[in-house]
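Heads up, start-v6.cif below (mmCIF, C-alpha atoms and all ligand atoms):
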data_protein
loop_
_atom_site.group_PDB
_atom_site.id
_atom_site.type_symbol
_atom_site.label_atom_id
_atom_site.label_comp_id
_atom_site.auth_asym_id
_atom_site.auth_seq_id
_atom_site.Cartn_x
_atom_site.Cartn_y
_atom_site.Cartn_z
ATOM 1 C CA MET A 1 21.006 -22.328 -33.720
ATOM 2 C CA THR A 2 19.967 -19.757 -36.319
ATOM 3 C CA TYR A 3 21.649 -16.382 -36.268
ATOM 4 C CA PRO A 4 18.677 -14.432 -34.800
ATOM 5 C CA ALA A 5 18.136 -17.157 -32.182
ATOM 6 C CA ARG A 6 21.791 -16.841 -31.174
ATOM 7 C CA ILE A 7 21.373 -13.073 -30.781
ATOM 8 C CA THR A 8 18.292 -13.611 -28.599
ATOM 9 C CA ALA A 9 20.186 -16.088 -26.426
ATOM 10 C CA CYS A 10 23.115 -13.665 -26.090
ATOM 11 C CA LEU A 11 20.749 -10.857 -25.117
ATOM 12 C CA ALA A 12 19.176 -13.068 -22.457
ATOM 13 C CA VAL A 13 22.621 -13.845 -21.003
ATOM 14 C CA LEU A 14 23.518 -10.156 -21.080
ATOM 15 C CA ALA A 15 20.252 -9.157 -19.381
ATOM 16 C CA ALA A 16 20.862 -11.689 -16.609
ATOM 17 C CA ALA A 17 24.352 -10.306 -16.074
ATOM 18 C CA LEU A 18 23.255 -6.663 -15.803
ATOM 19 C CA PRO A 19 23.490 -5.162 -12.317
ATOM 20 C CA LEU A 20 20.231 -5.226 -10.382
ATOM 21 C CA ALA A 21 19.628 -1.473 -10.619
ATOM 22 C CA ALA A 22 19.967 -1.358 -14.409
ATOM 23 C CA ARG A 23 17.848 -4.466 -14.955
ATOM 24 C CA ALA A 24 15.290 -3.534 -12.364
ATOM 25 C CA GLN A 25 14.644 -0.121 -13.887
ATOM 26 C CA SER A 26 12.216 -1.997 -16.032
ATOM 27 C CA THR A 27 9.962 -2.283 -12.943
ATOM 28 C CA ALA A 28 9.375 1.463 -12.978
ATOM 29 C CA GLU A 29 9.170 1.424 -16.766
ATOM 30 C CA GLN A 30 6.608 -1.364 -16.721
ATOM 31 C CA GLU A 31 4.515 0.542 -14.221
ATOM 32 C CA ALA A 32 4.665 3.673 -16.401
ATOM 33 C CA LYS A 33 3.616 1.574 -19.400
ATOM 34 C CA SER A 34 0.630 0.068 -17.660
ATOM 35 C CA ARG A 35 -0.447 3.519 -16.437
ATOM 36 C CA ALA A 36 -0.218 4.842 -20.004
ATOM 37 C CA ALA A 37 -2.198 1.858 -21.336
ATOM 38 C CA ASN A 38 -4.960 2.460 -18.796
ATOM 39 C CA ILE A 39 -5.159 6.150 -19.701
ATOM 40 C CA ALA A 40 -5.358 5.255 -23.401
ATOM 41 C CA ALA A 41 -8.084 2.646 -22.802
ATOM 42 C CA TRP A 42 -10.277 4.790 -20.519
ATOM 43 C CA PRO A 43 -9.280 8.463 -20.920
ATOM 44 C CA ASP A 44 -12.398 9.760 -19.106
ATOM 45 C CA ALA A 45 -12.202 7.380 -16.138
ATOM 46 C CA ALA A 46 -11.770 9.079 -12.780
ATOM 47 C CA ARG A 47 -8.483 7.200 -12.321
ATOM 48 C CA SER A 48 -7.117 8.579 -15.623
ATOM 49 C CA LEU A 49 -8.052 12.168 -14.712
ATOM 50 C CA PHE A 50 -6.714 12.016 -11.141
ATOM 51 C CA GLY A 51 -3.784 9.790 -12.078
ATOM 52 C CA GLN A 52 -2.325 12.442 -14.380
ATOM 53 C CA LYS A 53 -2.297 15.254 -11.812
ATOM 54 C CA THR A 54 1.183 16.024 -10.531
ATOM 55 C CA THR A 55 0.324 18.985 -8.286
ATOM 56 C CA PRO A 56 -2.130 19.368 -5.392
ATOM 57 C CA ALA A 57 -5.373 21.338 -5.664
ATOM 58 C CA ALA A 58 -4.722 24.728 -4.089
ATOM 59 C CA THR A 59 -7.294 25.465 -1.417
ATOM 60 C CA SER A 60 -7.684 27.600 1.686
ATOM 61 C CA ALA A 61 -8.045 24.595 4.003
ATOM 62 C CA PRO A 62 -6.967 21.007 3.264
ATOM 63 C CA ARG A 63 -9.915 18.639 3.027
ATOM 64 C CA ALA A 64 -10.510 14.927 2.675
ATOM 65 C CA ILE A 65 -13.623 14.661 0.481
ATOM 66 C CA GLY A 66 -15.765 11.518 0.342
ATOM 67 C CA SER A 67 -14.820 8.064 1.589
ATOM 68 C CA TYR A 68 -11.562 6.112 1.575
ATOM 69 C CA ALA A 69 -12.528 4.250 -1.622
ATOM 70 C CA ARG A 70 -14.587 7.001 -3.339
ATOM 71 C CA GLY A 71 -13.218 10.450 -2.877
ATOM 72 C CA CYS A 72 -10.475 12.978 -3.439
ATOM 73 C CA LEU A 73 -8.173 15.377 -1.610
ATOM 74 C CA ALA A 74 -7.954 19.182 -1.633
ATOM 75 C CA GLY A 75 -4.863 20.926 -0.299
ATOM 76 C CA GLY A 76 -2.741 17.777 -0.289
ATOM 77 C CA GLU A 77 0.773 17.918 1.144
ATOM 78 C CA ALA A 78 3.763 15.812 0.095
ATOM 79 C CA LEU A 79 5.685 13.722 2.594
ATOM 80 C CA PRO A 80 9.313 14.704 1.850
ATOM 81 C CA THR A 81 10.826 11.829 -0.108
ATOM 82 C CA GLU A 82 13.323 11.284 2.697
ATOM 83 C CA GLY A 83 13.938 12.354 6.254
ATOM 84 C CA PRO A 84 16.255 11.357 9.092
ATOM 85 C CA SER A 85 14.442 8.050 9.613
ATOM 86 C CA TRP A 86 12.311 7.408 6.548
ATOM 87 C CA GLN A 87 12.489 7.048 2.787
ATOM 88 C CA VAL A 88 9.621 7.071 0.309
ATOM 89 C CA MET A 89 9.637 4.089 -2.045
ATOM 90 C CA ARG A 90 8.627 3.951 -5.769
ATOM 91 C CA LEU A 91 9.088 7.668 -6.318
ATOM 92 C CA ASN A 92 7.971 7.406 -9.962
ATOM 93 C CA ARG A 93 4.403 6.885 -8.774
ATOM 94 C CA HIS A 94 4.000 10.349 -7.135
ATOM 95 C CA ARG A 95 1.919 8.810 -4.383
ATOM 96 C CA ASN A 96 3.625 10.422 -1.400
ATOM 97 C CA TRP A 97 0.731 12.865 -0.865
ATOM 98 C CA GLY A 98 -1.785 13.106 1.909
ATOM 99 C CA HIS A 99 -3.852 15.311 4.163
ATOM 100 C CA PRO A 100 -1.383 17.238 6.363
ATOM 101 C CA ILE A 101 -2.468 15.183 9.379
ATOM 102 C CA LEU A 102 -1.253 12.033 7.591
ATOM 103 C CA VAL A 103 2.057 13.663 6.691
ATOM 104 C CA ASP A 104 2.544 14.818 10.296
ATOM 105 C CA TYR A 105 1.535 11.402 11.586
ATOM 106 C CA LEU A 106 4.059 9.563 9.381
ATOM 107 C CA GLU A 107 6.883 11.966 10.230
ATOM 108 C CA LYS A 108 6.243 11.436 13.916
ATOM 109 C CA LEU A 109 5.955 7.669 13.540
ATOM 110 C CA ALA A 110 9.225 7.595 11.605
ATOM 111 C CA ARG A 111 10.924 9.640 14.346
ATOM 112 C CA ASP A 112 9.690 7.177 16.973
ATOM 113 C CA VAL A 113 10.524 4.032 14.991
ATOM 114 C CA PRO A 114 14.171 3.606 16.022
ATOM 115 C CA ARG A 115 13.090 3.698 19.680
ATOM 116 C CA ILE A 116 10.119 1.354 19.163
ATOM 117 C CA THR A 117 11.779 -1.199 16.901
ATOM 118 C CA GLY A 118 15.540 -0.685 16.826
ATOM 119 C CA TRP A 119 15.222 -0.134 13.062
ATOM 120 C CA ASN A 120 17.074 2.695 11.320
ATOM 121 C CA GLY A 121 13.817 3.948 9.884
ATOM 122 C CA LEU A 122 10.719 3.291 7.803
ATOM 123 C CA LEU A 123 10.276 2.633 4.121
ATOM 124 C CA VAL A 124 7.054 4.388 3.176
ATOM 125 C CA GLY A 125 4.994 2.965 0.311
ATOM 126 C CA ASP A 126 1.941 4.437 -1.406
ATOM 127 C CA MET A 127 -0.051 7.217 0.241
ATOM 128 C CA SER A 128 -2.345 9.196 -2.107
ATOM 129 C CA GLN A 129 -1.945 11.041 -5.398
ATOM 130 C CA PRO A 130 -1.516 14.850 -5.246
ATOM 131 C CA ARG A 131 -5.310 15.301 -5.548
ATOM 132 C CA GLY A 132 -6.223 11.877 -4.208
ATOM 133 C CA GLY A 133 -8.881 10.041 -6.215
ATOM 134 C CA PRO A 134 -8.754 6.574 -7.764
ATOM 135 C CA MET A 135 -5.399 5.328 -9.063
ATOM 136 C CA LEU A 136 -4.385 3.950 -12.460
ATOM 137 C CA THR A 137 -2.869 0.836 -10.881
ATOM 138 C CA GLY A 138 -3.471 -0.928 -7.572
ATOM 139 C CA HIS A 139 -5.515 0.151 -4.521
ATOM 140 C CA ALA A 140 -9.265 0.577 -4.206
ATOM 141 C CA SER A 141 -8.778 2.982 -1.304
ATOM 142 C CA HIS A 142 -6.016 5.579 -0.611
ATOM 143 C CA GLN A 143 -8.321 8.190 -2.226
ATOM 144 C CA ILE A 144 -8.726 10.925 0.413
ATOM 145 C CA GLY A 145 -5.220 11.354 1.775
ATOM 146 C CA LEU A 146 -5.689 9.374 4.997
ATOM 147 C CA ASP A 147 -4.264 5.958 3.982
ATOM 148 C CA ALA A 148 -0.588 4.961 3.874
ATOM 149 C CA ASP A 149 1.269 1.735 3.191
ATOM 150 C CA VAL A 150 4.409 1.128 5.242
ATOM 151 C CA TRP A 151 6.869 -1.588 4.275
ATOM 152 C CA LEU A 152 7.483 -4.440 6.685
ATOM 153 C CA THR A 153 11.150 -4.265 5.678
ATOM 154 C CA PRO A 154 13.223 -1.878 7.820
ATOM 155 C CA MET A 155 15.130 0.972 6.203
ATOM 156 C CA PRO A 156 18.723 -0.293 5.970
ATOM 157 C CA ARG A 157 21.534 1.627 7.619
ATOM 158 C CA GLY A 158 22.545 4.463 5.282
ATOM 159 C CA GLY A 159 19.288 4.114 3.379
ATOM 160 C CA LEU A 160 18.583 2.962 -0.174
ATOM 161 C CA SER A 161 19.695 4.669 -3.377
ATOM 162 C CA ARG A 162 17.082 6.238 -5.676
ATOM 163 C CA GLU A 163 17.326 3.264 -8.042
ATOM 164 C CA GLN A 164 16.882 0.802 -5.204
ATOM 165 C CA ARG A 165 13.838 2.686 -4.002
ATOM 166 C CA GLU A 166 12.246 2.198 -7.428
ATOM 167 C CA ASN A 167 13.157 -1.426 -7.870
ATOM 168 C CA VAL A 168 14.256 -3.279 -4.790
ATOM 169 C CA PRO A 169 11.798 -6.145 -4.195
ATOM 170 C CA ALA A 170 9.904 -6.279 -0.916
ATOM 171 C CA VAL A 171 10.106 -9.244 1.458
ATOM 172 C CA ASN A 172 7.111 -11.562 1.815
ATOM 173 C CA MET A 173 6.377 -11.980 5.517
ATOM 174 C CA ALA A 174 4.098 -15.011 4.964
ATOM 175 C CA ARG A 175 5.371 -18.577 5.379
ATOM 176 C CA SER A 176 5.352 -20.708 2.234
ATOM 177 C CA ASP A 177 1.943 -22.228 3.126
ATOM 178 C CA TRP A 178 0.517 -18.751 3.823
ATOM 179 C CA ARG A 179 -0.964 -19.915 7.148
ATOM 180 C CA ASP A 180 1.498 -18.091 9.369
ATOM 181 C CA VAL A 181 4.443 -15.688 9.185
ATOM 182 C CA ASP A 182 7.887 -16.695 7.957
ATOM 183 C CA PRO A 183 10.123 -16.885 11.055
ATOM 184 C CA ARG A 184 13.138 -15.969 8.898
ATOM 185 C CA HIS A 185 11.699 -12.482 8.409
ATOM 186 C CA TRP A 186 9.130 -11.853 11.133
ATOM 187 C CA THR A 187 10.534 -10.331 14.321
ATOM 188 C CA PRO A 188 9.327 -8.990 17.695
ATOM 189 C CA SER A 189 10.028 -5.503 16.287
ATOM 190 C CA HIS A 190 7.201 -5.985 13.776
ATOM 191 C CA VAL A 191 4.828 -6.724 16.642
ATOM 192 C CA ARG A 192 6.043 -3.700 18.622
ATOM 193 C CA LEU A 193 5.571 -1.431 15.590
ATOM 194 C CA LEU A 194 2.024 -2.616 14.868
ATOM 195 C CA ARG A 195 1.085 -2.396 18.529
ATOM 196 C CA ALA A 196 2.365 1.204 18.716
ATOM 197 C CA VAL A 197 0.488 2.210 15.556
ATOM 198 C CA SER A 198 -2.712 0.652 16.868
ATOM 199 C CA ALA A 199 -2.389 2.520 20.169
ATOM 200 C CA ASP A 200 -2.664 5.921 18.450
ATOM 201 C CA PRO A 201 -6.250 7.217 18.656
ATOM 202 C CA LYS A 202 -5.845 8.895 15.241
ATOM 203 C CA VAL A 203 -5.512 5.427 13.645
ATOM 204 C CA GLU A 204 -8.872 4.010 12.530
ATOM 205 C CA ARG A 205 -7.742 0.674 11.042
ATOM 206 C CA ILE A 206 -4.589 -1.292 10.238
ATOM 207 C CA PHE A 207 -4.719 -3.869 7.432
ATOM 208 C CA VAL A 208 -2.406 -6.895 7.376
ATOM 209 C CA ASN A 209 -2.342 -10.263 5.649
ATOM 210 C CA PRO A 210 -4.263 -13.008 7.522
ATOM 211 C CA ALA A 211 -0.932 -14.839 8.079
ATOM 212 C CA ILE A 212 0.350 -11.787 9.965
ATOM 213 C CA LYS A 213 -2.798 -11.524 12.056
ATOM 214 C CA VAL A 214 -2.275 -15.181 13.047
ATOM 215 C CA ALA A 215 1.129 -14.221 14.471
ATOM 216 C CA LEU A 216 -0.289 -11.182 16.276
ATOM 217 C CA CYS A 217 -3.073 -13.260 17.813
ATOM 218 C CA ARG A 218 -0.392 -15.450 19.468
ATOM 219 C CA GLU A 219 1.027 -12.494 21.388
ATOM 220 C CA PRO A 220 0.462 -12.630 25.143
ATOM 221 C CA GLY A 221 -1.040 -9.816 27.185
ATOM 222 C CA ASP A 222 -3.678 -7.208 26.401
ATOM 223 C CA ARG A 223 -5.667 -8.024 23.254
ATOM 224 C CA SER A 224 -7.691 -4.845 22.804
ATOM 225 C CA TRP A 225 -5.159 -3.437 20.322
ATOM 226 C CA LEU A 226 -5.918 -6.301 17.919
ATOM 227 C CA GLU A 227 -9.422 -5.000 17.200
ATOM 228 C CA LYS A 228 -8.171 -2.333 14.792
ATOM 229 C CA VAL A 229 -5.856 -4.777 13.026
ATOM 230 C CA ARG A 230 -7.928 -6.304 10.242
ATOM 231 C CA PRO A 231 -7.039 -9.185 7.894
ATOM 232 C CA ILE A 232 -7.143 -8.550 4.156
ATOM 233 C CA TRP A 233 -5.624 -9.973 0.948
ATOM 234 C CA GLY A 234 -2.111 -8.835 0.070
ATOM 235 C CA HIS A 235 -0.459 -6.726 2.775
ATOM 236 C CA ASN A 236 2.198 -9.400 3.204
ATOM 237 C CA TYR A 237 4.976 -6.987 2.103
ATOM 238 C CA HIS A 238 3.600 -3.892 3.767
ATOM 239 C CA PHE A 239 0.916 -2.955 6.251
ATOM 240 C CA HIS A 240 -1.710 -0.312 5.716
ATOM 241 C CA ILE A 241 -2.413 2.530 8.155
ATOM 242 C CA ARG A 242 -5.788 4.257 7.885
ATOM 243 C CA LEU A 243 -6.344 7.437 9.853
ATOM 244 C CA ALA A 244 -9.804 8.496 11.039
ATOM 245 C CA CYS A 245 -11.433 11.566 9.491
ATOM 246 C CA PRO A 246 -10.107 14.741 11.097
ATOM 247 C CA ALA A 247 -12.540 15.998 13.763
ATOM 248 C CA GLY A 248 -15.282 18.253 12.445
ATOM 249 C CA MET A 249 -14.510 17.684 8.760
ATOM 250 C CA ALA A 250 -18.018 17.257 7.312
ATOM 251 C CA SER A 251 -16.723 16.442 3.807
ATOM 252 C CA CYS A 252 -14.925 13.312 5.072
ATOM 253 C CA GLN A 253 -16.987 10.130 5.369
ATOM 254 C CA GLY A 254 -15.290 7.883 7.895
ATOM 255 C CA GLN A 255 -15.963 4.290 8.884
ATOM 256 C CA GLU A 256 -17.771 2.891 11.855
ATOM 257 C CA PRO A 257 -15.319 2.425 14.735
ATOM 258 C CA PRO A 258 -14.118 -1.174 14.858
ATOM 259 C CA ASN A 259 -16.427 -3.515 16.748
ATOM 260 C CA PHE A 260 -15.093 -7.002 16.070
ATOM 261 C CA GLY A 261 -13.455 -8.051 19.308
ATOM 262 C CA ASP A 262 -9.874 -9.230 18.799
ATOM 263 C CA GLY A 263 -10.860 -10.975 15.531
ATOM 264 C CA CYS A 264 -8.688 -13.996 16.354
ATOM 265 C CA GLY A 265 -11.318 -16.754 16.194
ATOM 266 C CA ALA A 266 -13.393 -18.279 13.408
ATOM 267 C CA GLU A 267 -13.297 -15.126 11.286
ATOM 268 C CA LEU A 268 -9.512 -15.279 11.040
ATOM 269 C CA THR A 269 -9.482 -19.028 10.384
ATOM 270 C CA GLY A 270 -11.900 -18.375 7.514
ATOM 271 C CA TRP A 271 -9.569 -15.768 5.996
ATOM 272 C CA VAL A 272 -6.556 -18.074 6.326
ATOM 273 C CA GLU A 273 -8.341 -20.995 4.671
ATOM 274 C CA ARG A 274 -9.826 -18.913 1.831
ATOM 275 C CA GLN A 275 -6.392 -17.447 1.150
ATOM 276 C CA HIS A 276 -4.736 -20.868 1.184
ATOM 277 C CA GLU A 277 -7.362 -22.166 -1.254
ATOM 278 C CA ALA A 278 -7.027 -19.155 -3.559
ATOM 279 C CA ILE A 279 -3.245 -19.563 -3.765
ATOM 280 C CA PHE A 280 -2.884 -23.353 -3.926
ATOM 281 C CA ASN A 281 -6.142 -24.356 -5.590
ATOM 282 C CA PRO A 282 -7.228 -21.388 -7.701
ATOM 283 C CA PRO A 283 -10.440 -21.712 -9.741
ATOM 284 C CA LYS A 284 -9.777 -22.878 -13.298
ATOM 285 C CA PRO A 285 -10.456 -20.247 -15.951
ATOM 286 C CA ARG A 286 -13.736 -20.890 -17.764
ATOM 287 C CA PRO A 287 -13.408 -22.031 -21.351
ATOM 288 C CA GLY A 288 -14.428 -19.590 -24.067
ATOM 289 C CA PRO A 289 -13.671 -15.924 -24.610
ATOM 290 C CA LYS A 290 -12.595 -13.831 -21.635
ATOM 291 C CA PRO A 291 -15.378 -11.620 -20.246
ATOM 292 C CA LYS A 292 -14.883 -7.931 -21.067
ATOM 293 C CA PRO A 293 -13.413 -5.950 -18.158
ATOM 294 C CA LYS A 294 -15.868 -3.693 -16.329
ATOM 295 C CA PRO A 295 -15.323 -0.010 -17.160
ATOM 296 C CA PRO A 296 -13.522 1.780 -14.321
ATOM 297 C CA MET A 297 -15.252 4.282 -12.019
ATOM 298 C CA GLY A 298 -16.307 7.530 -13.681
ATOM 299 C CA LEU A 299 -16.258 10.968 -12.096
ATOM 300 C CA ASP A 300 -19.975 10.610 -11.297
ATOM 301 C CA ALA A 301 -19.133 7.948 -8.705
ATOM 302 C CA LEU A 302 -17.207 10.534 -6.646
ATOM 303 C CA PRO A 303 -18.619 13.423 -4.577
ATOM 304 C CA PRO A 304 -19.496 16.345 -6.920
ATOM 305 C CA GLU A 305 -16.864 18.485 -5.208
ATOM 306 C CA CYS A 306 -14.149 16.277 -6.664
ATOM 307 C CA ARG A 307 -14.801 17.890 -10.065
ATOM 308 C CA GLN A 308 -13.699 21.214 -8.551
ATOM 309 C CA VAL A 309 -10.664 19.552 -7.029
ATOM 310 C CA LEU A 310 -9.751 18.243 -10.463
ATOM 311 C CA ALA A 311 -10.314 21.626 -12.161
ATOM 312 C CA ALA A 312 -8.548 23.703 -9.478
ATOM 313 C CA PRO A 313 -5.248 25.408 -10.398
HETATM 314 ZN ZN ZN B 401 -2.768 0.178 1.239
#

Exercise: express the given structure as structure tokens:
Amino acid sequence: MTYPARITACLAVLAAALPLAARAQSTAEQEAKSRAANIAAWPDAARSLFGQKTTPAATSAPRAIGSYARGCLAGGEALPTEGPSWQVMRLNRHRNWGHPILVDYLEKLARDVPRITGWNGLLVGDMSQPRGGPMLTGHASHQIGLDADVWLTPMPRGGLSREQRENVPAVNMARSDWRDVDPRHWTPSHVRLLRAVSADPKVERIFVNPAIKVALCREPGDRSWLEKVRPIWGHNYHFHIRLACPAGMASCQGQEPPNFGDGCGAELTGWVERQHEAIFNPPKPRPGPKPKPKPPMGLDALPPECRQVLAAP
């Protein structure tokens, strides 16, 4: 072994021996790096402009502007990074912002969670950026302060440390074949939580992995609550809560109310099979040079008012 190779090997051994928190800090660092790289590559993209805002746009009345995947947020409010029965995860992302109705909703849900599930509390994932808008990494939606990701892992007793909240890995709820949930992690409490969220009239949609919807479709009793629960890629570590536009808010473009029935038949089977294929038999990359990535959304793709939101003090 040459001298430099020996040093590299020693460093690898040392890195493996470091405590999780110290080693895992690189997760937050890697995220910061990829955000910086995206800003450098596309400085004028809407995601670069909104992704660098660390304060909300001051406004007389909070407003969700545009649609879930093309919009922004005026008068955003932060969910406190912890409360009696919740903790916000990945604090370095500054994505614990939302329309005040989302913040109120999550605080109430967190208060109710010990009673509904027996958990100590919720781990809250990404909501929106302080002024909403597209993000530098992840998520097509979450742009108008009405979407929130909630971890499917309960808050442990005593909560997580700040370092853990940046780095602790989430638990995959899908079984190894991705056709159903993993019985080692999936519990009746998960079903109770999703059922309670779905029952709230403020909730417009819930997104979960197809494997999770398979488990929900097996539940006996009333099936009407399943209509709002929609299958989508990912969402195997967390589920996604989407609130409806606040009543009378003309600037907010909502979605059609769900009209899919329980969604447990052929549609779900299709999702499960496409997901299985994508994971276990992915398309081979085409030979030749990689196609150039499409430029990200510009400000013109958002409602004109979002320029004022960006420029506001
Ligand atoms: Zn989400």

Test item: residues at most 8 Å from Lys213 (chain A), only C-alpha atoms, excluding those fewer than 6 positions along its chain, as a PDB file with C-alpha atoms, keeping the file's coordinate frame:
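Saved the output as part_21.pdb:
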ATOM      1  CA  VAL A 229      -5.856  -4.777  13.026  1.00  0.00           C
ATOM      2  CA  ARG A 230      -7.928  -6.304  10.242  1.00  0.00           C
ATOM      3  CA  PRO A 231      -7.039  -9.185   7.894  1.00  0.00           C
ATOM      4  CA  CYS A 264      -8.688 -13.996  16.354  1.00  0.00           C
ATOM      5  CA  LEU A 268      -9.512 -15.279  11.040  1.00  0.00           C
TER       6      LEU A 268
END

Set the distance at 10 Å and use all atoms listed in the file: which residues neighbour region 241-246 of chain A once local chain neighbours fewer than 2 positions away are removed? I'd like the list as a ChimeraX atom specification. /A:63-65,67-68,99,101-102,105-106,127,141-142,144-150,194,197-198,200-208,228-229,238-239,248-257

Written selection (C-alpha atoms) as a PDB file, in the frame of the given file:
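After the write, result-v3.pdb holds the following:
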ATOM      1  CA  ARG A  63      -9.915  18.639   3.027  1.00  0.00           C
ATOM      2  CA  ALA A  64     -10.510  14.927   2.675  1.00  0.00           C
ATOM      3  CA  ILE A  65     -13.623  14.661   0.481  1.00  0.00           C
ATOM      4  CA  SER A  67     -14.820   8.064   1.589  1.00  0.00           C
ATOM      5  CA  TYR A  68     -11.562   6.112   1.575  1.00  0.00           C
ATOM      6  CA  HIS A  99      -3.852  15.311   4.163  1.00  0.00           C
ATOM      7  CA  ILE A 101      -2.468  15.183   9.379  1.00  0.00           C
ATOM      8  CA  LEU A 102      -1.253  12.033   7.591  1.00  0.00           C
ATOM      9  CA  TYR A 105       1.535  11.402  11.586  1.00  0.00           C
ATOM     10  CA  LEU A 106       4.059   9.563   9.381  1.00  0.00           C
ATOM     11  CA  MET A 127      -0.051   7.217   0.241  1.00  0.00           C
ATOM     12  CA  SER A 141      -8.778   2.982  -1.304  1.00  0.00           C
ATOM     13  CA  HIS A 142      -6.016   5.579  -0.611  1.00  0.00           C
ATOM     14  CA  ILE A 144      -8.726  10.925   0.413  1.00  0.00           C
ATOM     15  CA  GLY A 145      -5.220  11.354   1.775  1.00  0.00           C
ATOM     16  CA  LEU A 146      -5.689   9.374   4.997  1.00  0.00           C
ATOM     17  CA  ASP A 147      -4.264   5.958   3.982  1.00  0.00           C
ATOM     18  CA  ALA A 148      -0.588   4.961   3.874  1.00  0.00           C
ATOM     19  CA  ASP A 149       1.269   1.735   3.191  1.00  0.00           C
ATOM     20  CA  VAL A 150       4.409   1.128   5.242  1.00  0.00           C
ATOM     21  CA  LEU A 194       2.024  -2.616  14.868  1.00  0.00           C
ATOM     22  CA  VAL A 197       0.488   2.210  15.556  1.00  0.00           C
ATOM     23  CA  SER A 198      -2.712   0.652  16.868  1.00  0.00           C
ATOM     24  CA  ASP A 200      -2.664   5.921  18.450  1.00  0.00           C
ATOM     25  CA  PRO A 201      -6.250   7.217  18.656  1.00  0.00           C
ATOM     26  CA  LYS A 202      -5.845   8.895  15.241  1.00  0.00           C
ATOM     27  CA  VAL A 203      -5.512   5.427  13.645  1.00  0.00           C
ATOM     28  CA  GLU A 204      -8.872   4.010  12.530  1.00  0.00           C
ATOM     29  CA  ARG A 205      -7.742   0.674  11.042  1.00  0.00           C
ATOM     30  CA  ILE A 206      -4.589  -1.292  10.238  1.00  0.00           C
ATOM     31  CA  PHE A 207      -4.719  -3.869   7.432  1.00  0.00           C
ATOM     32  CA  VAL A 208      -2.406  -6.895   7.376  1.00  0.00           C
ATOM     33  CA  LYS A 228      -8.171  -2.333  14.792  1.00  0.00           C
ATOM     34  CA  VAL A 229      -5.856  -4.777  13.026  1.00  0.00           C
ATOM     35  CA  HIS A 238       3.600  -3.892   3.767  1.00  0.00           C
ATOM     36  CA  PHE A 239       0.916  -2.955   6.251  1.00  0.00           C
ATOM     37  CA  GLY A 248     -15.282  18.253  12.445  1.00  0.00           C
ATOM     38  CA  MET A 249     -14.510  17.684   8.760  1.00  0.00           C
ATOM     39  CA  ALA A 250     -18.018  17.257   7.312  1.00  0.00           C
ATOM     40  CA  SER A 251     -16.723  16.442   3.807  1.00  0.00           C
ATOM     41  CA  CYS A 252     -14.925  13.312   5.072  1.00  0.00           C
ATOM     42  CA  GLN A 253     -16.987  10.130   5.369  1.00  0.00           C
ATOM     43  CA  GLY A 254     -15.290   7.883   7.895  1.00  0.00           C
ATOM     44  CA  GLN A 255     -15.963   4.290   8.884  1.00  0.00           C
ATOM     45  CA  GLU A 256     -17.771   2.891  11.855  1.00  0.00           C
ATOM     46  CA  PRO A 257     -15.319   2.425  14.735  1.00  0.00           C
TER      47      PRO A 257
END

One-decimal distance in Å that lies between CA of Leu123 (chain A) and CA of Gln87 (chain A):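 That distance, rounded to one decimal, is 5.1 Å.
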
Can you tell me, as an NGL selection string, what residues are no more than 10 Å from Pro134 (chain A) when counting all atoms listed in the file, ignoring any on the same chain fewer than 2 positions away? :A and (45-51 or 68-72 or 128-129 or 131-132 or 136-144 or 296-299 or 302)

Between CA of Ser161 (chain A) and CA of Ser34 (chain A), what is the spacing in Å? 24.3 Å

Closest of A:Gln275, A:Ser60, A:Asn236, A:Gln52 to ligand ZN 401 (chain B) - atom-to-atom distances counting all atoms listed in the file: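 Answer, going by the shortest atom-to-atom distance: A:Asn236.
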
Using all atoms listed in the file, pick whichever of A:Ala199, A:Glu31, A:Trp42, A:Leu73 has the shortest atom-to-atom distance to Asp222 (chain A).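 Among the listed residues, A:Ala199 lies closest to Asp222 (chain A).
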
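Distances from A:Thr117, A:Thr269, A:Asn259, A:Asn209 to ligand ZN 401 (chain B) were compared using only C-alpha atoms and all ligand atoms, and the smallest one belongs to A:Asn209.
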